[in-house]
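**Q** My file is my_file_38.cif. It has mmCIF, C-alpha atoms:
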data_work
loop_
_atom_site.label_atom_id
_atom_site.label_comp_id
_atom_site.auth_asym_id
_atom_site.auth_seq_id
_atom_site.Cartn_x
_atom_site.Cartn_y
_atom_site.Cartn_z
CA MET A 1 0.00 0.00 0.00
CA LEU A 2 1.36 3.39 -0.92
CA LEU A 3 1.25 6.00 1.87
CA ILE A 4 1.40 9.60 0.90
CA ALA A 5 2.57 11.99 3.62
CA GLY A 6 0.68 15.18 4.21
CA PRO A 7 2.23 18.61 4.30
CA THR A 8 4.76 19.30 7.15
CA ALA A 9 3.63 21.91 9.66
CA PRO A 10 5.88 24.98 9.63
CA ALA A 11 8.18 25.45 12.65
CA GLN A 12 6.77 27.98 15.06
CA ALA A 13 8.97 31.08 15.48
CA VAL A 14 10.39 31.64 18.99
CA ALA A 15 9.04 34.79 20.61
CA TYR A 16 12.03 36.36 22.38
CA GLY A 17 11.37 38.89 25.09
CA THR A 18 13.20 42.16 25.60
CA PRO A 19 16.58 41.49 27.27
CA THR A 20 17.09 42.59 30.86
CA ILE A 21 20.27 44.12 32.27
CA ALA A 22 21.26 45.13 35.80
CA LEU A 23 24.53 46.52 37.20
CA SER A 24 25.80 45.67 40.68
CA ALA A 25 26.86 49.34 40.94
CA SER A 26 25.86 52.35 38.88
CA TYR A 27 28.81 54.43 40.10
CA LEU A 28 32.41 53.23 39.91
CA SER A 29 35.78 54.76 40.75
CA GLY A 30 39.14 53.71 39.31
CA ALA A 31 42.64 55.10 39.02
CA VAL A 32 44.97 55.58 36.08
CA GLY A 33 47.46 52.71 35.95
CA ALA A 34 45.84 50.95 38.89
CA THR A 35 46.21 47.28 39.72
CA GLY A 36 43.09 45.44 40.85
CA ASP A 37 40.51 48.18 40.39
CA PRO A 38 36.98 47.08 41.37
CA VAL A 39 34.71 45.49 38.77
CA VAL A 40 30.97 45.69 38.17
CA ASN A 41 28.81 42.60 37.81
CA VAL A 42 26.45 42.79 34.84
CA THR A 43 23.43 40.49 35.18
CA VAL A 44 21.56 39.78 31.93
CA GLY A 45 18.67 37.65 30.77
CA GLN A 46 16.09 37.20 28.02
CA SER A 47 12.94 35.12 28.01
CA GLY A 48 13.15 32.32 25.46
CA ALA A 49 16.97 32.48 25.29
CA ASP A 50 19.92 30.96 27.07
CA ALA A 51 21.79 33.77 28.87
CA SER A 52 25.07 32.48 27.43
CA ALA A 53 23.81 33.45 23.96
CA LEU A 54 23.56 37.13 24.91
CA THR A 55 26.29 39.63 24.12
CA VAL A 56 27.42 42.34 26.56
CA SER A 57 29.39 45.35 25.36
CA ALA A 58 30.21 48.85 26.57
CA SER A 59 30.92 52.13 24.85
CA ALA A 60 31.93 55.61 25.93
CA SER A 61 29.04 58.03 25.85
CA SER A 62 30.85 61.13 27.08
CA ARG A 63 34.61 61.66 27.70
CA ALA A 64 36.63 59.00 25.92
CA SER A 65 39.79 60.71 27.23
CA VAL A 66 38.94 59.26 30.66
CA ALA A 67 37.89 55.81 29.41
CA GLY A 68 36.85 54.80 25.92
CA THR A 69 35.25 51.77 24.37
CA GLY A 70 38.59 49.99 24.06
CA ASP A 71 39.30 50.52 27.77
CA VAL A 72 36.35 48.42 28.91
CA THR A 73 36.67 44.64 29.25
CA VAL A 74 33.76 42.25 29.75
CA THR A 75 34.54 38.71 30.85
CA GLY A 76 32.54 35.67 31.89
CA ALA A 77 29.57 33.85 30.40
CA GLY A 78 26.05 33.08 31.41
CA ALA A 79 23.76 35.37 33.34
CA VAL A 80 26.49 37.28 35.21
CA ARG A 81 29.44 38.96 33.50
CA GLN A 82 32.27 41.07 34.96
CA LEU A 83 32.99 44.53 33.58
CA ALA A 84 36.35 46.20 34.25
CA VAL A 85 37.56 49.65 33.21
CA ALA A 86 41.21 50.61 32.64
CA ALA A 87 41.31 54.38 33.14
CA ARG A 88 42.97 56.36 30.37
CA GLY A 89 42.91 59.74 32.13
CA ARG A 90 41.66 61.62 35.18
CA GLY A 91 38.07 62.81 35.33
CA TYR A 92 34.52 61.61 34.80
CA THR A 93 32.80 59.76 31.98
CA ASP A 94 29.54 57.93 31.36
CA LEU A 95 29.73 54.44 29.88
CA THR A 96 26.81 52.80 28.12
CA VAL A 97 26.57 49.11 28.92
CA LYS A 98 24.51 47.16 26.36
CA VAL A 99 23.13 43.65 26.23
CA THR A 100 22.19 42.34 22.77
CA GLY A 101 19.82 39.38 22.74
CA LEU A 102 18.31 37.07 20.19
CA GLY A 103 15.81 38.42 17.76
CA GLY A 104 17.75 41.67 17.42
CA LYS A 105 16.52 43.06 20.74
CA SER A 106 18.72 44.95 23.20
CA ALA A 107 18.76 46.96 26.44
CA THR A 108 21.19 49.42 28.03
CA ARG A 109 22.25 50.83 31.35
CA THR A 110 24.57 53.74 32.19
CA LEU A 111 27.68 53.27 34.33
CA TYR A 112 28.90 56.55 35.82
CA TYR A 113 32.66 56.32 36.07
CA ALA A 114 35.31 58.50 37.74
CA ALA A 115 39.08 58.06 37.51
CA SER A 116 41.72 59.56 39.78
CA ALA A 117 45.30 60.26 38.71
CA ALA A 118 48.13 57.74 38.68
CA VAL A 119 50.12 57.31 41.90
CA GLN A 120 53.64 56.18 42.65
CA ASN A 121 54.04 52.39 42.70
CA PRO A 122 50.46 51.59 41.64
CA ALA A 123 51.05 47.85 42.02
CA ASP A 124 51.40 48.42 45.79
CA ALA A 125 48.26 50.56 46.07
CA ARG A 126 44.65 49.62 46.72
CA TRP A 127 41.70 51.99 46.91
CA PHE A 128 39.09 51.60 49.67
CA THR A 129 35.85 53.26 48.56
CA GLY A 130 32.89 54.64 50.49
CA SER A 131 34.87 57.13 52.57
CA ALA A 132 37.47 59.82 51.92
CA ASP A 133 38.60 60.61 55.46
CA ALA A 134 40.31 57.51 56.84
CA SER A 135 41.82 58.28 60.23
CA ALA A 136 42.71 55.00 61.99
CA ALA A 137 42.99 51.33 61.07
CA VAL A 138 43.10 48.06 62.99
CA ASP A 139 44.03 44.66 61.59
CA VAL A 140 41.40 42.01 62.38
CA GLY A 141 43.12 38.99 60.80
CA GLY A 142 42.53 37.01 57.67
CA GLY A 143 43.80 39.85 55.49
CA TYR A 144 41.11 42.33 56.62
CA ALA A 145 41.15 45.61 58.53
CA VAL A 146 38.61 47.91 60.16
CA VAL A 147 39.10 51.54 59.09
CA ALA A 148 37.68 54.59 60.91
CA ASP A 149 36.65 57.94 59.42
CA ASP A 150 37.11 61.29 61.15
CA GLU A 151 34.06 62.84 59.43
CA SER A 152 31.58 60.20 60.63
CA ASN A 153 31.29 57.49 63.26
CA VAL A 154 31.13 54.69 60.70
CA LEU A 155 33.68 51.86 61.01
CA ARG A 156 34.28 49.95 57.77
CA LEU A 157 35.66 46.45 57.17
CA TYR A 158 37.90 46.11 54.10
CA ASP A 159 39.78 43.36 52.35
CA ARG A 160 43.35 44.70 52.54
CA SER A 161 44.34 43.08 49.23
CA ARG A 162 41.51 44.43 47.07
CA SER A 163 40.19 47.76 45.90
CA GLY A 164 36.49 48.36 46.41
CA ALA A 165 33.67 48.91 48.86
CA PRO A 166 33.60 47.80 52.50
CA VAL A 167 32.44 44.29 53.26
CA ARG A 168 30.57 45.46 56.36
CA THR A 169 29.95 48.70 58.27
CA TRP A 170 29.07 49.68 61.84
CA ASP A 171 27.82 52.98 63.25
CA PHE A 172 27.78 53.16 67.05
CA SER A 173 26.50 56.76 67.27
CA SER A 174 23.33 55.77 69.10
CA GLN A 175 25.22 53.69 71.68
CA LEU A 176 27.66 56.58 72.15
CA GLY A 177 24.79 59.01 72.56
CA VAL A 178 26.11 61.39 69.88
CA SER A 179 24.67 62.79 66.66
CA LYS A 180 27.89 64.42 65.44
CA GLU A 181 31.26 62.90 64.61
CA VAL A 182 33.54 61.74 67.40
CA ASP A 183 36.43 62.71 65.10
CA ILE A 184 38.01 59.27 65.54
CA GLU A 185 41.78 59.65 65.13
CA GLY A 186 43.48 56.77 66.94
CA ALA A 187 42.88 53.10 67.63
CA THR A 188 44.61 50.05 69.01
CA ARG A 189 43.68 46.44 69.65
CA ILE A 190 44.54 44.36 72.70
CA GLY A 191 43.09 40.86 72.74
CA ASN A 192 39.55 41.12 71.40
CA THR A 193 39.10 44.71 72.54
CA VAL A 194 39.69 47.69 70.26
CA TYR A 195 40.16 51.11 71.88
CA TRP A 196 39.14 54.13 69.75
CA THR A 197 39.82 57.76 70.60
CA GLY A 198 38.48 61.01 69.27
CA SER A 199 40.90 63.84 68.60
CA LEU A 200 39.87 65.41 71.96
CA GLY A 201 40.53 68.82 70.39
CA ASN A 202 38.40 71.73 69.22
CA ASN A 203 37.01 71.70 65.72
CA LYS A 204 38.80 73.57 62.94
CA ASP A 205 37.00 76.80 63.91
CA GLY A 206 38.28 76.55 67.46
CA GLU A 207 34.92 75.49 68.92
CA TYR A 208 34.50 72.85 71.61
CA LYS A 209 32.36 69.93 70.41
CA ALA A 210 31.57 67.42 73.14
CA PRO A 211 31.48 64.28 70.92
CA ARG A 212 35.19 64.77 70.16
CA ASN A 213 35.99 64.26 73.84
CA THR A 214 35.15 60.56 73.52
CA VAL A 215 37.10 57.34 73.95
CA PHE A 216 35.26 54.06 73.41
CA THR A 217 35.79 50.34 72.97
CA THR A 218 34.45 47.66 70.67
CA THR A 219 34.73 43.90 71.01
CA VAL A 220 35.90 41.86 68.02
CA SER A 221 34.53 38.43 67.20
CA GLY A 222 35.48 36.35 64.19
CA SER A 223 38.09 37.43 61.67
CA GLY A 224 38.50 38.18 57.98
CA PRO A 225 35.21 38.71 56.12
CA GLY A 226 33.33 37.23 59.09
CA THR A 227 34.53 39.93 61.50
CA GLN A 228 31.90 41.41 63.80
CA LEU A 229 32.15 44.37 66.17
CA ALA A 230 30.05 44.95 69.28
CA TYR A 231 29.94 48.20 71.22
CA GLY A 232 31.68 48.17 74.60
CA ARG A 233 31.95 51.26 76.82
CA SER A 234 32.83 54.94 76.48
CA TYR A 235 34.47 57.70 78.51
CA LYS A 236 33.89 61.39 77.77
CA LYS A 237 36.21 63.31 80.10
CA LEU A 238 39.71 62.39 78.92
CA ARG A 239 40.40 65.86 77.55
CA ASP A 240 39.37 67.39 80.90
CA ASP A 241 41.64 64.97 82.75
CA LEU A 242 44.59 65.84 80.50
CA VAL A 243 44.12 69.59 80.98
CA ALA A 244 43.91 69.19 84.76
CA TRP A 245 47.04 67.00 84.80
CA ASP A 246 49.04 69.50 82.73
CA ARG A 247 47.94 72.39 84.95
CA ALA A 248 49.07 70.45 88.01
CA ASN A 249 52.47 70.03 86.36
CA GLY A 250 53.12 73.68 85.58
CA ASN A 251 51.36 73.83 82.18
CA ARG A 252 54.42 72.29 80.53
CA TYR A 253 52.54 71.36 77.39
CA GLY A 254 50.02 74.20 77.31
CA PHE A 255 46.95 71.96 77.19
CA ALA A 256 44.70 74.59 78.79
CA ALA A 257 45.74 77.20 76.23
CA GLY A 258 45.48 74.73 73.34
CA THR A 259 41.91 73.82 74.24
CA ALA A 260 40.75 77.40 74.89
CA ASP A 261 37.83 78.86 72.98
CA GLY A 262 38.89 79.98 69.51
CA GLU A 263 42.06 77.87 69.40
CA ALA A 264 42.35 75.71 66.27
CA PRO A 265 43.66 72.21 67.05
CA LYS A 266 46.17 71.81 64.22
CA GLN A 267 48.83 74.36 65.11
CA ILE A 268 52.16 73.86 66.78
CA ASP A 269 50.76 74.82 70.20
CA GLY A 270 47.28 73.41 69.59
CA PHE A 271 45.72 70.27 71.05
CA ASN A 272 44.98 67.25 68.89
CA VAL A 273 45.40 63.51 69.57
CA GLU A 274 46.02 61.20 66.61
CA GLY A 275 47.72 58.09 67.99
CA LEU A 276 46.89 55.41 70.54
CA GLU A 277 48.95 52.34 71.47
CA PHE A 278 49.76 50.31 74.58
CA ALA A 279 53.11 50.59 76.36
CA PRO A 280 55.55 47.66 76.18
CA GLY A 281 54.23 44.56 77.95
CA SER A 282 51.24 46.43 79.38
CA THR A 283 47.49 45.91 79.14
CA THR A 284 46.74 48.92 81.36
CA THR A 285 49.00 51.75 80.16
CA ALA A 286 48.40 53.29 76.74
CA TYR A 287 50.29 56.08 74.99
CA LEU A 288 48.30 58.99 73.56
CA GLY A 289 50.17 60.36 70.54
CA PHE A 290 49.77 64.07 69.87
CA ARG A 291 49.72 65.77 66.50
CA ALA A 292 49.77 68.99 68.50
CA PRO A 293 51.30 70.38 70.55
CA LEU A 294 54.94 69.66 69.92
CA ALA A 295 56.88 69.45 73.17
CA PRO A 296 58.98 72.61 73.66
CA ALA A 297 62.13 70.75 74.77
CA VAL A 298 64.25 71.58 71.71
CA PRO A 299 64.13 74.15 68.89
CA GLY A 300 61.49 73.00 66.47
CA GLY A 301 59.91 70.83 69.15
CA LYS A 302 59.69 67.13 69.89
CA ALA A 303 56.75 64.82 69.32
CA LEU A 304 54.71 64.10 72.42
CA LEU A 305 53.25 60.94 73.93
CA VAL A 306 51.33 60.96 77.22
CA PRO A 307 50.85 57.62 79.01
CA VAL A 308 47.39 56.90 80.44
CA THR A 309 48.37 54.43 83.16
CA ASN A 310 44.87 53.11 83.95
CA VAL A 311 43.19 53.17 80.56
CA ASP A 312 41.57 49.79 81.21
CA GLN A 313 39.78 51.12 84.29
CA VAL A 314 38.93 54.40 82.57
CA LEU A 315 36.88 52.45 80.04
CA ALA A 316 35.70 49.64 82.32
CA SER A 317 34.35 51.77 85.17
CA GLY A 318 34.69 55.44 84.24
CA ALA A 319 37.63 55.96 86.59
CA LYS A 320 39.38 59.32 86.27
CA ALA A 321 42.43 58.99 84.04
CA VAL A 322 45.87 58.85 85.64
CA PHE A 323 48.91 59.92 83.63
CA GLY A 324 52.61 59.18 83.62
CA ALA A 325 55.35 61.60 82.64
CA GLY A 326 55.20 62.86 79.07
CA VAL A 327 57.42 61.06 76.57
CA GLU A 328 59.24 63.42 74.19
CA LEU A 329 60.58 61.97 70.93
CA ASP A 330 62.79 63.55 68.29
CA LEU A 331 61.02 62.90 64.98
CA GLY A 332 62.88 65.56 63.04
CA GLY A 333 60.39 68.29 63.89
CA LEU A 334 57.41 66.14 62.94
CA ALA A 335 54.50 65.07 65.14
CA VAL A 336 52.70 61.77 65.76
CA ARG A 337 50.10 60.88 63.15
CA ASP A 338 49.83 57.25 64.25
CA ILE A 339 51.66 54.78 66.46
CA ARG A 340 51.39 50.99 66.31
CA LYS A 341 53.30 48.02 67.73
CA ASN A 342 53.47 44.31 66.92
CA ALA A 343 53.38 41.26 69.21
CA ALA A 344 57.18 41.45 69.60
CA GLY A 345 56.94 44.97 71.06
CA GLN A 346 58.41 46.68 67.98
CA TYR A 347 56.83 50.09 67.37
CA LEU A 348 56.35 52.10 64.20
CA ILE A 349 55.51 55.78 64.43
CA LEU A 350 53.96 57.52 61.44
CA ALA A 351 55.32 61.06 61.65
CA GLY A 352 53.90 64.09 59.86
CA SER A 353 53.27 67.78 60.21
CA TRP A 354 51.11 69.33 62.91
CA ALA A 355 49.72 71.75 60.30
CA ALA A 356 46.17 71.59 58.95
CA ASP A 357 47.03 71.70 55.23
CA ASP A 358 50.12 69.57 55.17
CA ASN A 359 49.88 67.28 52.13
CA SER A 360 53.11 68.68 50.69
CA ASP A 361 55.00 68.47 54.00
CA PRO A 362 57.32 65.58 54.89
CA TYR A 363 56.14 62.25 56.24
CA ALA A 364 58.35 59.51 57.67
CA LEU A 365 58.23 56.19 59.50
CA TYR A 366 60.27 55.77 62.70
CA GLN A 367 61.04 52.58 64.59
CA TRP A 368 61.01 52.70 68.39
CA ASP A 369 61.23 50.22 71.26
CA GLY A 370 58.52 51.91 73.35
CA VAL A 371 60.89 52.84 76.17
CA PRO A 372 60.87 56.50 77.31
CA GLY A 373 64.31 58.02 76.89
CA HIS A 374 65.23 55.73 74.00
CA ALA A 375 65.54 57.44 70.63
CA PRO A 376 63.44 56.41 67.62
CA VAL A 377 65.22 55.58 64.34
CA LYS A 378 63.97 56.64 60.93
CA ARG A 379 63.11 53.68 58.68
CA ALA A 380 61.59 55.39 55.65
CA ASP A 381 60.70 58.74 54.12
CA LEU A 382 57.25 58.72 52.53
CA PRO A 383 56.25 60.34 49.23
CA THR A 384 54.26 63.55 49.41
CA THR A 385 53.36 64.00 45.74
CA ASP A 386 50.28 61.77 45.79
CA PRO A 387 46.82 63.00 46.90
CA GLY A 388 45.95 62.94 50.57
CA GLY A 389 48.02 62.69 53.73
CA TRP A 390 49.39 59.53 55.36
CA GLU A 391 47.18 58.88 58.34
CA ALA A 392 47.15 55.30 59.65
CA ILE A 393 49.33 52.21 60.09
CA VAL A 394 47.34 49.00 59.62
CA ASP A 395 49.78 46.73 61.45
CA VAL A 396 53.50 46.35 62.10
CA PRO A 397 55.59 43.62 60.43
CA ASP A 398 58.67 42.00 61.93
CA LEU A 399 61.01 44.97 61.75
CA THR A 400 64.11 42.76 61.85
CA ALA A 401 63.14 40.95 58.64
CA ALA A 402 64.77 41.95 55.36
CA GLY A 403 62.31 43.66 53.04
CA ALA A 404 59.72 44.21 55.79
CA ARG A 405 56.60 45.82 54.32
CA VAL A 406 53.99 47.94 56.06
CA GLN A 407 50.57 49.03 54.80
CA LEU A 408 49.53 52.66 55.39
CA VAL A 409 46.22 54.39 54.70
CA THR A 410 45.65 57.99 53.57
CA ASP A 411 43.14 60.65 54.52
CA ASN A 412 41.99 62.03 51.15
CA GLY A 413 39.29 64.32 52.51
CA SER A 414 40.81 67.54 51.12
CA ALA A 415 42.19 65.97 47.94
CA ASP A 416 40.86 66.88 44.49
CA LEU A 417 40.73 63.32 43.22
CA TYR A 418 39.09 63.86 39.85
CA GLY A 419 40.40 67.25 38.74
CA ASP A 420 37.15 69.22 39.06
CA GLY A 421 38.10 71.23 42.14
CA THR A 422 35.82 69.23 44.46
CA GLU A 423 37.35 68.01 47.72
CA ALA A 424 36.83 64.28 48.12
CA LYS A 425 34.86 64.65 51.35
CA ASP A 426 32.34 66.84 49.47
CA LEU A 427 31.69 64.40 46.62
CA THR A 428 27.98 63.62 46.30
CA ARG A 429 28.49 59.90 45.63
CA ALA A 430 29.90 57.69 48.36
CA GLU A 431 31.11 55.28 45.67
CA TRP A 432 33.48 57.97 44.37
CA LYS A 433 34.91 58.78 47.79
CA LYS A 434 38.03 56.73 48.49
CA VAL A 435 41.28 56.42 50.40
CA ARG A 436 44.50 54.74 49.38
CA ALA A 437 46.06 51.80 51.17
CA ALA A 438 49.68 51.46 50.07
CA TRP A 439 52.48 49.04 50.91
CA PHE A 440 55.96 50.37 51.66
CA THR A 441 59.22 48.47 52.04
CA LEU A 442 61.22 49.67 55.05
CA ASN A 443 64.87 50.59 54.77
CA PRO A 444 67.31 48.28 56.64
#
Could you render the structure from this file as structure tokens?
**A**
Amino acid sequence: MLLIAGPTAPAQAVAYGTPTIALSASYLSGAVGATGDPVVNVTVGQSGADASALTVSASASSRASVAGTGDVTVTGAGAVRQLAVAARGRGYTDLTVKVTGLGGKSATRTLYYAASAAVQNPADARWFTGSADASAAVDVGGGYAVVADDESNVLRLYDRSRSGAPVRTWDFSSQLGVSKEVDIEGATRIGNTVYWTGSLGNNKDGEYKAPRNTVFTTTVSGSGPGTQLAYGRSYKKLRDDLVAWDRANGNRYGFAAGTADGEAPKQIDGFNVEGLEFAPGSTTTAYLGFRAPLAPAVPGGKALLVPVTNVDQVLASGAKAVFGAGVELDLGGLAVRDIRKNAAGQYLILAGSWAADDNSDPYALYQWDGVPGHAPVKRADLPTTDPGGWEAIVDVPDLTAAGARVQLVTDNGSADLYGDGTEAKDLTRAEWKKVRAAWFTLNP
């Protein structure tokens, strides 16, 4: 029997939907010549199509001199791709990110991009975003650090090896009972307790602001990306205690005058604390490091540390602070911007100017053994041509090891990062605010 087949039904055309596209961040900051700049995840999809069949591209829609089409790289496959930008020049540009799907359909999103200028040794630099005014840093293990900001009370957890946004943030303003910044300037960790101190000084207009007269603690649990902080206790009379102590000792350091109404904190005879670290072998005595005043012992002045001999009880029970004799250190006319020690009792002092606008002034690192009367030794001069001022030591390596490297963090608050005359602290986007964490090799 002969069978005759009927006509074959035509294949039904696939109805593809309009592609979808989402960016993990709409604002991104990079740096010219940077290593490891942050990337943006691009999530795409299209109904009726496998995501791996979609094409993602990017093009410059404004200033190609900052970053052009050829400076954007998209990698990965499937629903999530990674977009990286290699900055060509300093400034701002808008990048159009496009997904092209099947059936000739497409969708776009805008990535707003800002690039800062190249810095010395870019391979040793990382950029922590979300804040421009880093003021203190504490290592919490696993390659992570908590960084404070002197313009807010937010503590931020960063991966020390990567550029990008904080992994986690904490704001203890409500527990501290303050609505304004504490002006956090110094920090140190002992066991699982981190001590944080405000500058204790007047604001830049010479006005007393009570939140700045604050010292507080947090308790660390976990480490690395799993780090958590819990609020401990606070003390809000340390400045008063220091002034009373100095008066009782003949006003040697001029604390009463430096804290008087109308006195700016960042002058040679001002009053401004920027460092905090425990004395050798002690869990009860901590050194307060002063940016101002300089001790008047020699022409040009010496840097000043004041030991708080019962700092544990000050924070545990609100006991009035007790002080030891001031420690005066010759740092070549520079003041203390940070002080940190390692488990072996080796100290590094970050030395810089007492002045308010000091980005072009010298910075240096000094090694010290923590013993009053022993002289510190310079280990490195720091570059001053890059934006911002050196502000914090993350931790101290073994200072006897050849090629010992230390990571420092800048305060970029007054820096013009993107060449438009805007100070970083005044940028409208938190994603464009950033500080630099840089590694330095110490001289033998």
**Q** Show me, as a PDB file with C-alpha atoms, in the coordinates of the input, the residues that have an atom within 12 Å of A:Val99 when counting all atoms listed in the file, minus same-chain residues fewer than 2 positions from it.
**A**
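Okay, this is what ended up in around-v6.pdb:
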ATOM      1  CA  THR A  18      13.200  42.160  25.600  1.00  0.00           C
ATOM      2  CA  PRO A  19      16.580  41.490  27.270  1.00  0.00           C
ATOM      3  CA  THR A  20      17.090  42.590  30.860  1.00  0.00           C
ATOM      4  CA  ILE A  21      20.270  44.120  32.270  1.00  0.00           C
ATOM      5  CA  ALA A  22      21.260  45.130  35.800  1.00  0.00           C
ATOM      6  CA  LEU A  23      24.530  46.520  37.200  1.00  0.00           C
ATOM      7  CA  VAL A  42      26.450  42.790  34.840  1.00  0.00           C
ATOM      8  CA  THR A  43      23.430  40.490  35.180  1.00  0.00           C
ATOM      9  CA  VAL A  44      21.560  39.780  31.930  1.00  0.00           C
ATOM     10  CA  GLY A  45      18.670  37.650  30.770  1.00  0.00           C
ATOM     11  CA  GLN A  46      16.090  37.200  28.020  1.00  0.00           C
ATOM     12  CA  ALA A  51      21.790  33.770  28.870  1.00  0.00           C
ATOM     13  CA  SER A  52      25.070  32.480  27.430  1.00  0.00           C
ATOM     14  CA  ALA A  53      23.810  33.450  23.960  1.00  0.00           C
ATOM     15  CA  LEU A  54      23.560  37.130  24.910  1.00  0.00           C
ATOM     16  CA  THR A  55      26.290  39.630  24.120  1.00  0.00           C
ATOM     17  CA  VAL A  56      27.420  42.340  26.560  1.00  0.00           C
ATOM     18  CA  SER A  57      29.390  45.350  25.360  1.00  0.00           C
ATOM     19  CA  ALA A  58      30.210  48.850  26.570  1.00  0.00           C
ATOM     20  CA  SER A  59      30.920  52.130  24.850  1.00  0.00           C
ATOM     21  CA  VAL A  74      33.760  42.250  29.750  1.00  0.00           C
ATOM     22  CA  ALA A  79      23.760  35.370  33.340  1.00  0.00           C
ATOM     23  CA  VAL A  80      26.490  37.280  35.210  1.00  0.00           C
ATOM     24  CA  ARG A  81      29.440  38.960  33.500  1.00  0.00           C
ATOM     25  CA  THR A  96      26.810  52.800  28.120  1.00  0.00           C
ATOM     26  CA  VAL A  97      26.570  49.110  28.920  1.00  0.00           C
ATOM     27  CA  GLY A 101      19.820  39.380  22.740  1.00  0.00           C
ATOM     28  CA  LEU A 102      18.310  37.070  20.190  1.00  0.00           C
ATOM     29  CA  GLY A 104      17.750  41.670  17.420  1.00  0.00           C
ATOM     30  CA  LYS A 105      16.520  43.060  20.740  1.00  0.00           C
ATOM     31  CA  SER A 106      18.720  44.950  23.200  1.00  0.00           C
ATOM     32  CA  ALA A 107      18.760  46.960  26.440  1.00  0.00           C
ATOM     33  CA  THR A 108      21.190  49.420  28.030  1.00  0.00           C
ATOM     34  CA  ARG A 109      22.250  50.830  31.350  1.00  0.00           C
ATOM     35  CA  THR A 110      24.570  53.740  32.190  1.00  0.00           C
TER      36      THR A 110
END
**Q** Do a neighbour search on stretch 114-130 of chain A at 6 Å with all atoms listed in the file, toss out local chain neighbours closer than 3 positions, and write the hits as a VMD selection string.
**A** chain A and resid 29 to 35 90 to 92 163 to 165 386 417 to 418 430 to 431 433 to 439
**Q** Is there a way to get, as a ChimeraX atom specification, all residues within 8 Å of the point (47.2, 63.0, 54.3) in file coordinates, counting only C-alpha atoms?
**A** /A:358-359,387-391,410-412
**Q** Write out as a Markdown table a residue-level contact list of stretch 192-288 of chain A versus stretch 363-375 of chain A with cut-off 10 Å: for each qualifying residue the closest pair of atoms and the distance in Å to one decimal, counting all atoms listed in the file, rows sorted by chain and residue number upward.
**A**
| residue | atom | partner | partner_atom | distance |
| --- | --- | --- | --- | --- |
| A:Glu277 | CA | A:Gly370 | CA | 9.8 |
| A:Phe278 | CA | A:Gly370 | CA | 9.0 |
| A:Ala279 | CA | A:Gly370 | CA | 6.3 |
| A:Pro280 | CA | A:Gly370 | CA | 5.9 |
| A:Gly281 | CA | A:Gly370 | CA | 9.7 |
| A:Tyr287 | CA | A:Gly370 | CA | 9.4 |
**Q** Expressed in Å to a single decimal, how great is the separation between atom CA of A:Pro38 and atom CA of A:Gly76?
**A**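 Spanning atom CA of A:Pro38 to atom CA of A:Gly76 is a straight-line distance of 15.5 Å.
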**Q** Choose the residue, out of A:Val194, A:Leu382, A:Leu95, A:Ala344, that has the smallest atom-to-atom separation from A:Ser221; count only C-alpha atoms.
**A** A:Val194
**Q** Have a look at A:Val322, A:Ala148, A:Val215, A:Ala25 and name the one nearest to A:Ala244; count all atoms listed in the file.
**A**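 For A:Ala244, the nearest of the candidates is A:Val322.
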**Q** Using the chain letters and numbers from this file, what does the PyMOL selection byres ((chain A and resi 241) around 12) select? Give the answer as JSON, numbers by chain.
**A** {"A": [200, 213, 235, 236, 237, 238, 239, 240, 242, 243, 244, 245, 246, 247, 248, 255, 256, 306, 308, 314, 318, 319, 320, 321, 322, 323]}
**Q** Which residues, written as a list of chain:residue names, have at least one atom at most 7 Å from A:Val406, with all atoms listed in the file counted and residues fewer than 3 positions away on the same chain left out?
**A** A:Asp395, A:Val396, A:Pro397, A:Trp439, A:Phe440, A:Thr441
**Q** Hey, what's within 8 Å of A:Val140 if we count all atoms listed in the file and toss same-chain stuff fewer than 5 positions away? As an mmCIF file with C-alpha atoms, in the coordinates of the input, please?
**A**
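Written output follows (around-v8.cif):
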data_model
loop_
_atom_site.group_PDB
_atom_site.id
_atom_site.type_symbol
_atom_site.label_atom_id
_atom_site.label_comp_id
_atom_site.auth_asym_id
_atom_site.auth_seq_id
_atom_site.Cartn_x
_atom_site.Cartn_y
_atom_site.Cartn_z
ATOM 1 C CA ALA A 145 41.150 45.610 58.530
ATOM 2 C CA VAL A 146 38.610 47.910 60.160
ATOM 3 C CA VAL A 220 35.900 41.860 68.020
ATOM 4 C CA SER A 223 38.090 37.430 61.670
ATOM 5 C CA GLY A 224 38.500 38.180 57.980
ATOM 6 C CA THR A 227 34.530 39.930 61.500
#
**Q** Mind giving me the straight-line distance from atom CA of A:Ser199 to atom CA of A:Ala380 in Å, one decimal?
**A** 25.8 Å
**Q** Within 12 Å of A:Thr283, counting only C-alpha atoms, which residues qualify if same-chain residues fewer than 6 places away don't, as a compact mmCIF listing (two decimals) with C-alpha atoms, in the frame of the given file?
**A**
# COMPACT_ATOMS: atom_id res chain seq x y z
CA THR A 188 44.61 50.05 69.01
CA ARG A 189 43.68 46.44 69.65
CA ILE A 190 44.54 44.36 72.70
CA GLY A 191 43.09 40.86 72.74
CA THR A 193 39.10 44.71 72.54
CA VAL A 194 39.69 47.69 70.26
CA TYR A 195 40.16 51.11 71.88
CA GLU A 277 48.95 52.34 71.47
CA VAL A 308 47.39 56.90 80.44
CA THR A 309 48.37 54.43 83.16
CA ASN A 310 44.87 53.11 83.95
CA VAL A 311 43.19 53.17 80.56
CA ASP A 312 41.57 49.79 81.21
CA GLN A 313 39.78 51.12 84.29
